[in-house]
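K.L.:
Next comes entry.tsv, TSV, C-alpha atoms and all ligand atoms:
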chain	number	residue	atom	x	y	z
R	1	MET	CA	5.53	-22.70	-5.48
R	2	LYS	CA	7.20	-23.76	-2.23
R	3	ILE	CA	7.58	-21.94	1.07
R	4	GLU	CA	11.28	-21.17	1.38
R	5	GLY	CA	11.32	-19.35	4.68
R	6	ILE	CA	9.38	-17.56	7.39
R	7	ASP	CA	10.80	-14.30	8.73
R	8	LEU	CA	9.71	-12.76	12.02
R	9	PHE	CA	9.94	-9.04	12.68
R	10	TYR	CA	9.35	-7.71	16.18
R	11	VAL	CA	8.63	-4.00	15.77
R	12	ALA	CA	7.87	-1.53	18.55
R	13	LEU	CA	7.74	2.14	19.44
R	14	PRO	CA	10.75	3.28	21.50
R	15	THR	CA	8.56	3.74	24.58
R	16	ILE	CA	5.77	1.37	25.58
R	17	THR	CA	3.14	2.67	28.00
R	18	ARG	CA	0.38	0.99	30.01
R	19	THR	CA	-2.46	2.50	27.97
R	20	ALA	CA	-4.80	-0.05	26.33
R	21	ASP	CA	-3.28	0.77	22.96
R	22	GLY	CA	-2.32	-2.16	20.76
R	23	THR	CA	-0.57	0.05	18.24
R	24	GLN	CA	2.65	0.23	20.27
R	25	ASP	CA	4.22	-2.94	18.95
R	26	SER	CA	3.59	-5.79	16.56
R	27	LEU	CA	4.80	-9.13	15.27
R	28	VAL	CA	5.02	-9.00	11.49
R	29	VAL	CA	5.43	-12.32	9.68
R	30	ARG	CA	6.86	-12.70	6.18
R	31	VAL	CA	6.45	-15.88	4.15
R	32	ARG	CA	9.05	-16.20	1.36
R	33	THR	CA	8.54	-18.54	-1.58
R	34	ASP	CA	10.97	-20.13	-4.02
R	35	ASN	CA	9.68	-18.04	-6.93
R	36	GLY	CA	10.71	-14.81	-5.24
R	37	LEU	CA	7.35	-13.72	-3.81
R	38	TYR	CA	6.66	-12.37	-0.33
R	39	GLY	CA	3.48	-12.58	1.70
R	40	TRP	CA	2.89	-10.57	4.86
R	41	GLY	CA	0.84	-11.08	8.00
R	42	GLU	CA	0.55	-9.61	11.48
R	43	CYS	CA	-0.34	-11.06	14.88
R	44	ASP	CA	-2.18	-9.17	17.59
R	45	ALA	CA	-0.14	-10.82	20.30
R	46	SER	CA	2.85	-10.36	22.56
R	47	PRO	CA	5.53	-10.46	19.84
R	48	LEU	CA	8.21	-12.35	21.75
R	49	VAL	CA	5.80	-14.95	23.15
R	50	SER	CA	4.44	-15.66	19.68
R	51	MET	CA	7.90	-15.76	18.08
R	52	ALA	CA	8.72	-18.66	20.37
R	53	ALA	CA	5.96	-20.72	18.75
R	54	TYR	CA	7.82	-20.37	15.43
R	55	VAL	CA	11.29	-21.30	16.63
R	56	MET	CA	11.26	-23.25	19.91
R	57	PRO	CA	12.85	-26.71	20.00
R	58	MET	CA	10.62	-29.76	19.69
R	59	SER	CA	9.43	-31.27	22.97
R	60	HIS	CA	7.62	-34.28	21.54
R	61	SER	CA	5.34	-35.23	18.63
R	62	ASN	CA	2.73	-32.58	19.53
R	63	ILE	CA	5.06	-29.68	20.33
R	64	ILE	CA	6.80	-28.88	17.06
R	65	ASN	CA	7.21	-25.28	15.97
R	66	ILE	CA	5.24	-23.53	13.20
R	67	SER	CA	8.25	-22.98	10.90
R	68	GLU	CA	8.98	-26.70	10.94
R	69	ALA	CA	5.39	-27.37	9.84
R	70	LEU	CA	5.41	-24.89	6.96
R	71	VAL	CA	8.88	-24.41	5.46
R	72	GLY	CA	9.47	-26.55	2.37
R	73	GLU	CA	5.74	-27.08	1.81
R	74	THR	CA	3.92	-26.64	-1.48
R	75	LEU	CA	1.56	-23.67	-1.76
R	76	GLU	CA	-0.46	-23.61	-4.98
R	77	SER	CA	-4.13	-23.35	-4.04
R	78	PRO	CA	-6.56	-22.23	-1.32
R	79	GLY	CA	-6.78	-25.88	-0.29
R	80	ASP	CA	-3.04	-25.80	0.44
R	81	VAL	CA	-3.43	-22.88	2.86
R	82	VAL	CA	-6.18	-24.71	4.71
R	83	ARG	CA	-4.10	-27.91	4.74
R	84	LEU	CA	-1.00	-26.09	6.02
R	85	ARG	CA	-2.98	-24.21	8.66
R	86	ARG	CA	-4.24	-27.59	9.87
R	87	LYS	CA	-0.75	-29.10	9.74
R	88	ALA	CA	0.62	-26.29	11.91
R	89	GLY	CA	-2.21	-27.04	14.35
R	90	GLU	CA	-1.31	-30.72	14.44
R	91	PHE	CA	2.43	-30.08	14.87
R	92	GLY	CA	1.62	-27.64	17.67
R	93	LEU	CA	-1.33	-29.51	19.19
R	94	ASP	CA	-0.10	-28.90	22.75
R	95	ILE	CA	1.18	-25.34	22.22
R	96	GLN	CA	-1.44	-23.09	23.79
R	97	GLN	CA	-0.18	-20.03	21.88
R	98	LEU	CA	-0.49	-21.86	18.56
R	99	ASP	CA	-3.67	-20.34	17.10
R	100	HIS	CA	-2.69	-16.90	18.24
R	101	ALA	CA	0.83	-17.11	16.80
R	102	VAL	CA	0.04	-18.93	13.55
R	103	ALA	CA	-2.37	-16.12	12.59
R	104	GLY	CA	0.52	-14.13	11.10
R	105	ALA	CA	1.68	-17.03	8.90
R	106	ASP	CA	-1.87	-17.84	7.82
R	107	ILE	CA	-2.48	-14.26	6.70
R	108	ALA	CA	0.90	-14.19	4.94
R	109	MET	CA	0.15	-17.46	3.12
R	110	TRP	CA	-3.14	-16.05	1.79
R	111	ASP	CA	-1.31	-12.88	0.73
R	112	VAL	CA	1.46	-14.69	-1.15
R	113	LEU	CA	-0.97	-17.14	-2.76
R	114	GLY	CA	-3.04	-14.22	-4.01
R	115	LYS	CA	0.07	-12.64	-5.52
R	116	HIS	CA	1.01	-15.97	-7.10
R	117	LEU	CA	-2.44	-16.52	-8.63
R	118	GLY	CA	-3.17	-12.86	-9.38
R	119	GLU	CA	-6.33	-12.84	-7.23
R	120	PRO	CA	-7.47	-10.84	-4.20
R	121	VAL	CA	-7.72	-12.82	-0.97
R	122	TRP	CA	-11.49	-12.28	-0.72
R	123	LYS	CA	-11.92	-14.25	-3.96
R	124	LEU	CA	-9.55	-17.02	-2.87
R	125	ILE	CA	-11.59	-17.61	0.28
R	126	GLY	CA	-14.79	-17.97	-1.71
R	127	HIS	CA	-16.46	-14.56	-1.83
R	128	THR	CA	-17.87	-13.48	-5.18
R	129	GLU	CA	-18.09	-9.76	-4.40
R	130	SER	CA	-16.37	-7.23	-2.17
R	131	HIS	CA	-18.94	-5.00	-0.46
R	132	LYS	CA	-18.07	-1.64	0.99
R	133	LYS	CA	-18.05	-1.23	4.76
R	134	LEU	CA	-18.62	1.72	7.06
R	135	PRO	CA	-15.42	2.19	9.07
R	136	TYR	CA	-15.76	3.35	12.63
R	137	ALA	CA	-12.94	5.36	14.08
R	138	SER	CA	-11.69	3.35	17.02
R	139	VAL	CA	-10.17	5.40	19.81
R	140	LEU	CA	-9.66	5.40	23.56
R	141	PHE	CA	-11.70	7.61	25.89
R	142	GLY	CA	-9.91	10.74	27.04
R	143	GLU	CA	-8.92	11.00	30.68
R	144	ASP	CA	-12.10	13.00	31.38
R	145	PRO	CA	-15.25	14.18	29.55
R	146	ALA	CA	-13.57	17.35	28.25
R	147	GLU	CA	-10.73	15.43	26.62
R	148	THR	CA	-13.19	12.83	25.30
R	149	ARG	CA	-15.28	15.55	23.73
R	150	ASN	CA	-12.19	16.99	22.02
R	151	ILE	CA	-11.29	13.59	20.60
R	152	ALA	CA	-14.86	13.15	19.34
R	153	THR	CA	-14.82	16.59	17.74
R	154	SER	CA	-11.60	15.80	15.90
R	155	ILE	CA	-13.11	12.50	14.63
R	156	ALA	CA	-16.18	14.36	13.37
R	157	ARG	CA	-13.86	16.84	11.63
R	158	LYS	CA	-12.19	13.93	9.85
R	159	ASN	CA	-15.66	13.07	8.49
R	160	PHE	CA	-16.05	9.71	10.18
R	161	ARG	CA	-19.71	8.73	10.36
R	162	ALA	CA	-19.13	6.25	13.18
R	163	ALA	CA	-16.82	6.02	16.16
R	164	LYS	CA	-16.07	3.79	19.08
R	165	PHE	CA	-14.67	4.96	22.39
R	166	GLY	CA	-13.15	2.50	24.78
R	167	TRP	CA	-11.14	1.69	27.87
R	168	GLY	CA	-9.44	4.59	29.69
R	169	PRO	CA	-11.52	5.77	32.66
R	170	MET	CA	-14.69	3.87	31.62
R	171	GLY	CA	-15.96	1.87	34.60
R	172	ARG	CA	-13.31	3.17	36.98
R	173	GLY	CA	-15.60	5.73	38.59
R	174	SER	CA	-19.35	5.96	39.24
R	175	LEU	CA	-22.27	5.33	36.90
R	176	LYS	CA	-22.58	9.12	36.62
R	177	ASP	CA	-18.93	9.42	35.58
R	178	ASP	CA	-19.40	6.79	32.88
R	179	VAL	CA	-22.50	8.48	31.51
R	180	ALA	CA	-20.64	11.81	31.41
R	181	LEU	CA	-17.89	10.25	29.30
R	182	VAL	CA	-20.36	8.81	26.80
R	183	GLN	CA	-22.37	12.04	26.75
R	184	ALA	CA	-19.16	13.92	25.92
R	185	ALA	CA	-18.42	11.52	23.06
R	186	ARG	CA	-21.95	11.97	21.74
R	187	ASP	CA	-21.74	15.76	22.02
R	188	GLY	CA	-18.46	15.86	20.12
R	189	LEU	CA	-19.60	13.52	17.37
R	190	GLY	CA	-23.02	15.08	16.90
R	191	PRO	CA	-26.43	13.39	16.96
R	192	ASP	CA	-26.25	11.58	13.61
R	193	SER	CA	-23.03	9.59	13.99
R	194	LYS	CA	-23.01	6.00	15.10
R	195	LEU	CA	-21.45	5.71	18.54
R	196	MET	CA	-20.20	2.53	20.16
R	197	VAL	CA	-18.78	2.03	23.66
R	198	ASP	CA	-16.05	-0.46	24.58
R	199	ALA	CA	-15.99	-1.10	28.32
R	200	GLY	CA	-12.78	-3.14	28.15
R	201	VAL	CA	-14.10	-6.03	30.34
R	202	ILE	CA	-14.19	-3.62	33.28
R	203	TRP	CA	-17.24	-5.11	35.08
R	204	GLY	CA	-15.84	-8.64	35.11
R	205	ASP	CA	-18.89	-10.78	35.94
R	206	ASP	CA	-21.04	-8.00	37.45
R	207	VAL	CA	-24.21	-8.16	35.36
R	208	ASP	CA	-25.97	-5.42	37.37
R	209	ALA	CA	-23.21	-2.88	36.79
R	210	ALA	CA	-23.16	-3.64	33.07
R	211	TYR	CA	-26.97	-3.52	32.80
R	212	GLU	CA	-27.19	-0.10	34.50
R	213	ARG	CA	-24.75	1.29	31.94
R	214	ALA	CA	-26.54	-0.38	29.03
R	215	VAL	CA	-29.78	1.38	30.01
R	216	GLU	CA	-28.13	4.80	30.28
R	217	PHE	CA	-26.00	4.44	27.13
R	218	ALA	CA	-29.01	3.32	25.09
R	219	ASP	CA	-30.55	6.74	25.78
R	220	LEU	CA	-27.50	8.34	24.19
R	221	GLY	CA	-28.01	6.36	20.99
R	222	VAL	CA	-25.14	3.93	21.56
R	223	THR	CA	-25.24	1.11	18.97
R	224	TRP	CA	-23.47	-1.43	21.15
R	225	LEU	CA	-21.90	-1.94	24.52
R	226	GLU	CA	-18.73	-3.90	23.91
R	227	GLU	CA	-16.99	-6.25	26.31
R	228	PRO	CA	-18.82	-5.12	29.43
R	229	LEU	CA	-17.72	-8.45	30.95
R	230	ARG	CA	-14.72	-10.76	30.76
R	231	THR	CA	-14.64	-13.07	27.73
R	232	GLU	CA	-14.92	-16.25	29.81
R	233	GLU	CA	-18.04	-15.01	31.69
R	234	VAL	CA	-20.30	-16.47	29.04
R	235	GLY	CA	-23.16	-17.12	31.47
R	236	ALA	CA	-23.04	-13.53	32.74
R	237	TYR	CA	-23.11	-12.25	29.15
R	238	LYS	CA	-26.24	-14.30	28.52
R	239	ALA	CA	-27.92	-12.97	31.67
R	240	LEU	CA	-27.07	-9.42	30.60
R	241	SER	CA	-28.27	-9.73	27.01
R	242	ASP	CA	-31.45	-11.51	28.14
R	243	ARG	CA	-32.22	-8.67	30.57
R	244	VAL	CA	-31.47	-6.00	27.96
R	245	ARG	CA	-33.83	-7.66	25.47
R	246	ALA	CA	-36.57	-8.49	27.98
R	247	ASN	CA	-36.74	-4.83	29.02
R	248	GLY	CA	-36.69	-3.50	25.46
R	249	ILE	CA	-33.41	-1.61	25.92
R	250	LYS	CA	-32.22	-0.50	22.48
R	251	ILE	CA	-28.55	-1.38	22.59
R	252	GLY	CA	-26.58	-4.32	21.23
R	253	ILE	CA	-24.17	-6.45	23.27
R	254	ALA	CA	-20.84	-7.02	21.57
R	255	GLY	CA	-17.85	-9.19	22.40
R	256	GLY	CA	-15.51	-11.82	21.10
R	257	GLU	CA	-12.16	-10.10	20.54
R	258	GLY	CA	-10.70	-12.26	23.30
R	259	ALA	CA	-11.52	-15.40	21.31
R	260	ASP	CA	-8.16	-16.81	20.28
R	261	PHE	CA	-9.39	-20.02	18.72
R	262	TYR	CA	-12.50	-20.94	16.77
R	263	ARG	CA	-14.26	-22.86	19.56
R	264	SER	CA	-14.01	-19.94	21.93
R	265	ALA	CA	-15.77	-17.70	19.40
R	266	ASP	CA	-18.36	-20.39	18.74
R	267	ASP	CA	-19.03	-20.69	22.47
R	268	MET	CA	-19.67	-16.95	22.73
R	269	MET	CA	-21.89	-16.90	19.64
R	270	THR	CA	-23.91	-19.88	20.83
R	271	ASN	CA	-24.17	-19.15	24.55
R	272	ALA	CA	-23.51	-15.47	25.32
R	273	GLY	CA	-26.50	-13.91	23.56
R	274	LEU	CA	-24.32	-11.58	21.51
R	275	ASP	CA	-25.71	-9.23	18.87
R	276	PHE	CA	-22.24	-8.51	17.44
R	277	VAL	CA	-19.24	-10.86	17.44
R	278	GLN	CA	-15.89	-9.12	17.09
R	279	ILE	CA	-13.07	-11.25	15.76
R	280	ASP	CA	-9.41	-10.37	15.56
R	281	VAL	CA	-7.90	-12.09	12.54
R	282	GLY	CA	-4.47	-11.75	14.15
R	283	ARG	CA	-5.58	-13.59	17.28
R	284	ILE	CA	-7.99	-16.29	16.22
R	285	GLY	CA	-5.57	-18.05	13.92
R	286	GLY	CA	-5.73	-16.00	10.75
R	287	ILE	CA	-8.05	-15.53	7.82
R	288	THR	CA	-8.85	-19.26	7.58
R	289	GLU	CA	-10.38	-19.41	11.07
R	290	ALA	CA	-11.93	-15.93	11.01
R	291	ARG	CA	-13.79	-16.89	7.84
R	292	ARG	CA	-15.28	-19.89	9.68
R	293	VAL	CA	-16.51	-17.57	12.44
R	294	ALA	CA	-18.08	-15.18	9.90
R	295	ASP	CA	-19.94	-18.07	8.28
R	296	ARG	CA	-21.16	-19.32	11.66
R	297	ALA	CA	-22.23	-15.81	12.70
R	298	ARG	CA	-24.30	-15.58	9.55
R	299	GLU	CA	-26.03	-18.86	10.34
R	300	LEU	CA	-26.84	-17.63	13.84
R	301	GLY	CA	-28.01	-14.16	12.77
R	302	ILE	CA	-25.22	-12.39	14.67
R	303	GLN	CA	-23.40	-9.50	13.03
R	304	TYR	CA	-19.72	-10.21	12.41
R	305	VAL	CA	-17.40	-7.26	12.97
R	306	ASN	CA	-13.62	-7.27	12.89
R	307	HIS	CA	-11.56	-6.34	15.91
R	308	THR	CA	-8.45	-4.55	14.67
R	309	PHE	CA	-6.04	-2.39	16.61
R	310	LYS	CA	-2.88	-2.89	14.57
R	311	SER	CA	-1.59	-1.71	11.16
R	312	HIS	CA	-3.36	-1.60	7.80
R	313	LEU	CA	-1.93	-5.05	7.15
R	314	SER	CA	-4.42	-6.25	9.76
R	315	VAL	CA	-7.14	-3.88	8.55
R	316	ALA	CA	-6.80	-5.42	5.08
R	317	ALA	CA	-6.68	-9.01	6.32
R	318	SER	CA	-9.76	-8.31	8.45
R	319	ILE	CA	-12.01	-7.00	5.72
R	320	HIS	CA	-11.12	-9.67	3.17
R	321	VAL	CA	-12.62	-12.14	5.66
R	322	PHE	CA	-16.18	-10.77	5.42
R	323	ALA	CA	-15.93	-8.76	2.18
R	324	GLY	CA	-18.65	-10.80	0.49
R	325	TYR	CA	-21.26	-10.40	3.24
R	326	GLU	CA	-23.22	-7.25	2.55
R	327	GLU	CA	-25.12	-7.33	5.84
R	328	PHE	CA	-21.88	-7.24	7.84
R	329	ASP	CA	-21.45	-3.59	7.02
R	330	LEU	CA	-19.41	-2.13	9.89
R	331	THR	CA	-15.67	-2.35	10.35
R	332	GLU	CA	-13.31	-1.30	13.09
R	333	TYR	CA	-10.73	1.16	11.81
R	334	PRO	CA	-7.85	2.09	14.10
R	335	SER	CA	-7.56	5.87	14.13
R	336	GLY	CA	-4.74	6.69	16.51
R	337	ASP	CA	-1.49	8.35	15.56
R	338	SER	CA	1.09	5.64	16.26
R	339	PRO	CA	3.97	6.29	13.78
R	340	LEU	CA	4.76	2.58	13.81
R	341	ILE	CA	1.28	1.57	12.73
R	342	LEU	CA	0.78	4.41	10.28
R	343	GLY	CA	4.20	3.79	8.73
R	344	LEU	CA	4.16	0.02	8.48
R	345	THR	CA	2.26	-0.12	5.18
R	346	ALA	CA	2.77	3.45	3.96
R	347	PRO	CA	2.06	4.63	1.34
R	348	THR	CA	-0.35	1.71	0.80
R	349	GLY	CA	-3.30	1.14	3.10
R	350	ILE	CA	-7.05	0.78	3.30
R	351	PHE	CA	-8.37	4.29	2.87
R	352	ARG	CA	-11.86	5.77	2.85
R	353	ASP	CA	-13.49	6.71	-0.45
R	354	THR	CA	-15.48	9.88	-1.09
R	355	GLU	CA	-18.52	8.39	0.67
R	356	GLY	CA	-16.39	7.59	3.71
R	357	LEU	CA	-16.50	3.84	3.08
R	358	ILE	CA	-13.73	1.25	2.72
R	359	GLU	CA	-13.53	-2.02	0.85
R	360	ALA	CA	-11.26	-5.02	0.49
R	361	PRO	CA	-8.90	-4.31	-2.43
R	362	SER	CA	-9.30	-6.21	-5.69
R	363	THR	CA	-5.55	-6.24	-6.39
R	364	PRO	CA	-3.67	-9.53	-5.85
R	365	GLY	CA	-3.17	-10.72	-2.28
R	366	LEU	CA	-4.16	-8.46	0.61
R	367	GLY	CA	-3.72	-5.32	-1.48
R	368	VAL	CA	-1.34	-3.55	0.91
R	369	GLU	CA	2.45	-3.73	1.07
R	370	VAL	CA	4.84	-3.54	3.98
R	371	ASN	CA	7.21	-0.59	4.08
R	372	LEU	CA	10.66	-2.08	4.74
R	373	ASP	CA	12.02	1.28	5.92
R	374	ALA	CA	9.40	1.27	8.68
R	375	ILE	CA	10.48	-2.23	9.70
R	376	ARG	CA	14.13	-1.09	9.76
R	377	LYS	CA	13.22	1.94	11.83
R	378	PHE	CA	11.16	0.13	14.48
R	379	GLN	CA	12.66	-3.38	14.48
R	380	ARG	CA	13.78	-4.78	17.81
R	381	ARG	CA	16.68	-7.12	17.32
R	382	VAL	CA	16.14	-10.48	18.98
R	383	HIS	CA	18.74	-13.15	19.51
R	384	ILE	CA	17.72	-16.43	21.14
R	385	GLU	CA	20.49	-18.82	22.09
R	386	ILE	CA	20.45	-22.25	23.70
R	387	ASP	CA	23.69	-23.81	24.99
R	388	GLY	CA	25.72	-21.39	22.92
R	389	GLU	CA	23.88	-22.16	19.69
R	390	THR	CA	21.74	-19.56	17.99
R	391	LEU	CA	18.10	-20.62	17.77
R	392	PHE	CA	16.86	-17.37	16.29
R	393	ALA	CA	18.37	-14.07	15.15
R	394	SER	CA	16.24	-11.26	13.75
R	395	PRO	CA	16.41	-11.24	9.94
R	396	GLU	CA	17.20	-8.26	7.75
R	397	PRO	CA	14.07	-6.71	6.25
T	401	MG	MG	-12.67	-3.96	22.32
Take the structure from the file and write it as structure tokens.
Ligand SMILES: [Mg+2]
P.N.:
Amino acid sequence: MKIEGIDLFYVALPTITRTADGTQDSLVVRVRTDNGLYGWGECDASPLVSMAAYVMPMSHSNIINISEALVGETLESPGDVVRLRRKAGEFGLDIQQLDHAVAGADIAMWDVLGKHLGEPVWKLIGHTESHKKLPYASVLFGEDPAETRNIATSIARKNFRAAKFGWGPMGRGSLKDDVALVQAARDGLGPDSKLMVDAGVIWGDDVDAAYERAVEFADLGVTWLEEPLRTEEVGAYKALSDRVRANGIKIGIAGGEGADFYRSADDMMTNAGLDFVQIDVGRIGGITEARRVADRARELGIQYVNHTFKSHLSVAASIHVFAGYEEFDLTEYPSGDSPLILGLTAPTGIFRDTEGLIEAPSTPGLGVEVNLDAIRKFQRRVHIEIDGETLFASPEP
């Protein structure tokens, strides 16, 4: 089987707002093969910026676009995906967006290879079993405690056993304000649900501010405090996690979603003192690289968790990565109501079973399909022209 083409679909809601909600747009990547198969992937990236990495003109030997590296290539085995992922990296050695952008193609190559070989992706990447995971409903804090409590109540009504609240007003007011938000989330969820807090890098490099919150949130039974600090503040993360542990505070420190290449994740796992590393398969360069992080996390005794705030295409890609690791038992599950994200794979998706758990499908490929009507409905038509010649025009779904 040969890769015949790579199609890029920029999809977006009609109105984009400044909320920290990644379900407003997406870059969906389709890999077409010469035997009539399609594979699909998704990047968690600025769509237009990443599209450029697939189509821009060559600058020199180390700035050659992703399509050039992949189209016409043979794809018959897992080794081919790894080889092609590496080739794209070599062609785009000096493209800083490379790992981020190539994620979509990497996921799509695993998907189409699975369809070709009749195997689920989790098997192709070397897992022997697919273990169930506990999905946590991932939502934003309400504008105030009352709204947060309502959101939590509605999550509890949907029978989620775990939830994560993030961003919004967290860290924008006083310590007391932050505690009130988390207390409201806890009240709405009830005492038995797992609760996680995502601070959305709000305290920058301020270890004291993050530590004060960690102490208070631990009392409310918060499993982890996520991204209290900016991704690059690795030293500050270490100071924070050391202080939390030294004082016996019962809360984990989580981070890593900002890692957009393997080394960045490795740096955080090695030097930041993390308890949980959160990897976005659509940022770090796809399933191939995310799998490397999961293996490394296991070696270091850090719990791997996916970061996912896109469609079920990304939810599926994310859980295939660590399907075989029973101890990595939690998974982020976007639970907003974006019609784009809900529609993109409908009616397929990764849904909870009667116990409220999810698992990587055992059907060929990723196990979810893209709904072409949703692409048609939300597609933004892009036309890139240089000196009067068309470089890129959005394809038909
Ligand atoms: Mg986060």
K.L.:
Would you mind listing the residues within 7 Å of ligand MG 401 (chain T), counting only C-alpha atoms and all ligand atoms, as a PyMOL selection string?
P.N.:
chain R and resi 166+198+200+226-227+257+307
K.L.:
For Asp275 (chain R), which residue out of R:Val244, R:Ile287, R:Asp295, R:Ile107 is the nearest one, using all atoms listed in the file?
P.N.:
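So, comparing all the options, the nearest one is R:Val244.
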K.L.:
Work out how far apart CA of Thr148 (chain R) and CA of Trp167 (chain R) are and give it in Å to one decimal.
P.N.:
11.6 Å
K.L.:
Tell me which protein, DNA and RNA residues are within 12 Å of His116 (chain R), counting all atoms listed in the file, leaving out same-chain ones fewer than 4 positions away, and put them as number ranges by chain.
P.N.:
R: 1-2, 32-39, 75-78, 109-112, 120-121, 124, 363-366
K.L.:
So the first atom is CA of Val222 (chain R) and the second is CA of Met268 (chain R); what is the distance between them in Å, to one decimal place?
P.N.:
21.6 Å
K.L.:
If I take CA of Gly92 (chain R) and CA of Glu68 (chain R), how far is one from the other in Å, to one decimal?
P.N.:
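Between CA of Gly92 (chain R) and CA of Glu68 (chain R) the gap is 10.0 Å.
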K.L.:
Taking 2 positions as the minimum chain separation for residues in the same chain, which residues sit within 8 Å of region 191-193 of chain R when counting only C-alpha atoms? Answer as a PyMOL selection string.
P.N.:
chain R and resi 160-163+186-187+189+195
K.L.:
I'd like the contact shell of region 213-215 of chain R - 12 Å cut-off, all atoms listed in the file, skipping same-chain residues fewer than 6 positions apart - returned as a count of residues only.
P.N.:
40
K.L.:
Considering all atoms listed in the file, state which residue in the set R:Val321, R:Ala156, R:Leu313, R:Ala272 is at the smallest distance from Ile341 (chain R).
P.N.:
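Nearest to Ile341 (chain R): R:Leu313.
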K.L.:
Pick out the residues sitting within 12 Å of Ala297 (chain R), and hand them over as a ChimeraX atom specification; count only C-alpha atoms, and ignore anything fewer than 3 positions along from it in its own chain.
P.N.:
/R:256,262,265-270,273-279,290-294,300-305,322,325,327-328
K.L.:
Using only C-alpha atoms, find the one residue out of R:Gly336, R:Asp353, R:Gly168, R:Leu330 that sits nearest to Lys310 (chain R).
P.N.:
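The shortest atom-to-atom distance to Lys310 (chain R) comes from R:Gly336.
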K.L.:
Find the residue from R:Gly367, R:Pro339, R:Gly89, R:Pro361 that sits nearest to Ala108 (chain R); use only C-alpha atoms when measuring.
P.N.:
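For Ala108 (chain R), the nearest of the candidates is R:Gly367.
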K.L.:
Taking all atoms listed in the file into account, name the residue in R:Glu119, R:Glu90, R:Glu4, R:Asp44 that is nearest to Thr74 (chain R).
P.N.:
R:Glu4
K.L.:
Neighbours of Asn150 (chain R) within 12 Å (all atoms listed in the file; same-chain residues fewer than 5 positions away dropped), as a list in words?
P.N.:
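Residues near the query, excluding close chain neighbours: Val139, Leu140, Phe141, Gly142, Glu143, Asp144, Pro145, Ile155, Ala156, Arg157, Leu181, Ala184, Ala185, Arg186, Asp187, Gly188 and Leu189 of chain R.
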K.L.:
Save out the residues we just selected, C-alpha atoms, as an mmCIF file, in the frame of the given file.
P.N.:
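Heads up, here's the output in out-v4.cif:
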data_model
loop_
_atom_site.group_PDB
_atom_site.id
_atom_site.type_symbol
_atom_site.label_atom_id
_atom_site.label_comp_id
_atom_site.auth_asym_id
_atom_site.auth_seq_id
_atom_site.Cartn_x
_atom_site.Cartn_y
_atom_site.Cartn_z
ATOM 1 C CA VAL R 139 -10.170 5.400 19.810
ATOM 2 C CA LEU R 140 -9.660 5.400 23.560
ATOM 3 C CA PHE R 141 -11.700 7.610 25.890
ATOM 4 C CA GLY R 142 -9.910 10.740 27.040
ATOM 5 C CA GLU R 143 -8.920 11.000 30.680
ATOM 6 C CA ASP R 144 -12.100 13.000 31.380
ATOM 7 C CA PRO R 145 -15.250 14.180 29.550
ATOM 8 C CA ILE R 155 -13.110 12.500 14.630
ATOM 9 C CA ALA R 156 -16.180 14.360 13.370
ATOM 10 C CA ARG R 157 -13.860 16.840 11.630
ATOM 11 C CA LEU R 181 -17.890 10.250 29.300
ATOM 12 C CA ALA R 184 -19.160 13.920 25.920
ATOM 13 C CA ALA R 185 -18.420 11.520 23.060
ATOM 14 C CA ARG R 186 -21.950 11.970 21.740
ATOM 15 C CA ASP R 187 -21.740 15.760 22.020
ATOM 16 C CA GLY R 188 -18.460 15.860 20.120
ATOM 17 C CA LEU R 189 -19.600 13.520 17.370
#
K.L.:
With only C-alpha atoms as the basis for distance, which of R:Val315, R:Leu98, R:Leu93, R:Ala346 is at the shortest distance from Pro334 (chain R)?
P.N.:
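Among the listed residues, R:Val315 lies closest to Pro334 (chain R).
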K.L.:
For region 322-329 of chain R in the structure I just supplied, write out N, CA and C atoms - as a compact mmCIF listing (two decimals), in the first residue's frame.
P.N.:
# COMPACT_ATOMS: atom_id res chain seq x y z
N PHE R 322 -1.84 4.12 25.51
CA PHE R 322 -1.50 3.48 26.80
C PHE R 322 -2.51 2.40 27.18
N ALA R 323 -3.19 1.85 26.14
CA ALA R 323 -4.21 0.83 26.37
C ALA R 323 -3.67 -0.37 27.16
N GLY R 324 -2.46 -0.75 26.88
CA GLY R 324 -1.91 -1.98 27.46
C GLY R 324 -1.38 -1.82 28.88
N TYR R 325 -1.35 -0.61 29.39
CA TYR R 325 -0.79 -0.37 30.73
C TYR R 325 -1.92 -0.24 31.74
N GLU R 326 -2.11 -1.30 32.50
CA GLU R 326 -3.24 -1.34 33.43
C GLU R 326 -3.15 -0.27 34.51
N GLU R 327 -1.92 0.02 34.95
CA GLU R 327 -1.76 0.97 36.06
C GLU R 327 -2.04 2.42 35.63
N PHE R 328 -2.00 2.69 34.34
CA PHE R 328 -2.36 4.03 33.85
C PHE R 328 -3.88 4.00 33.59
N ASP R 329 -4.63 4.23 34.65
CA ASP R 329 -6.05 3.88 34.61
C ASP R 329 -7.01 5.07 34.49
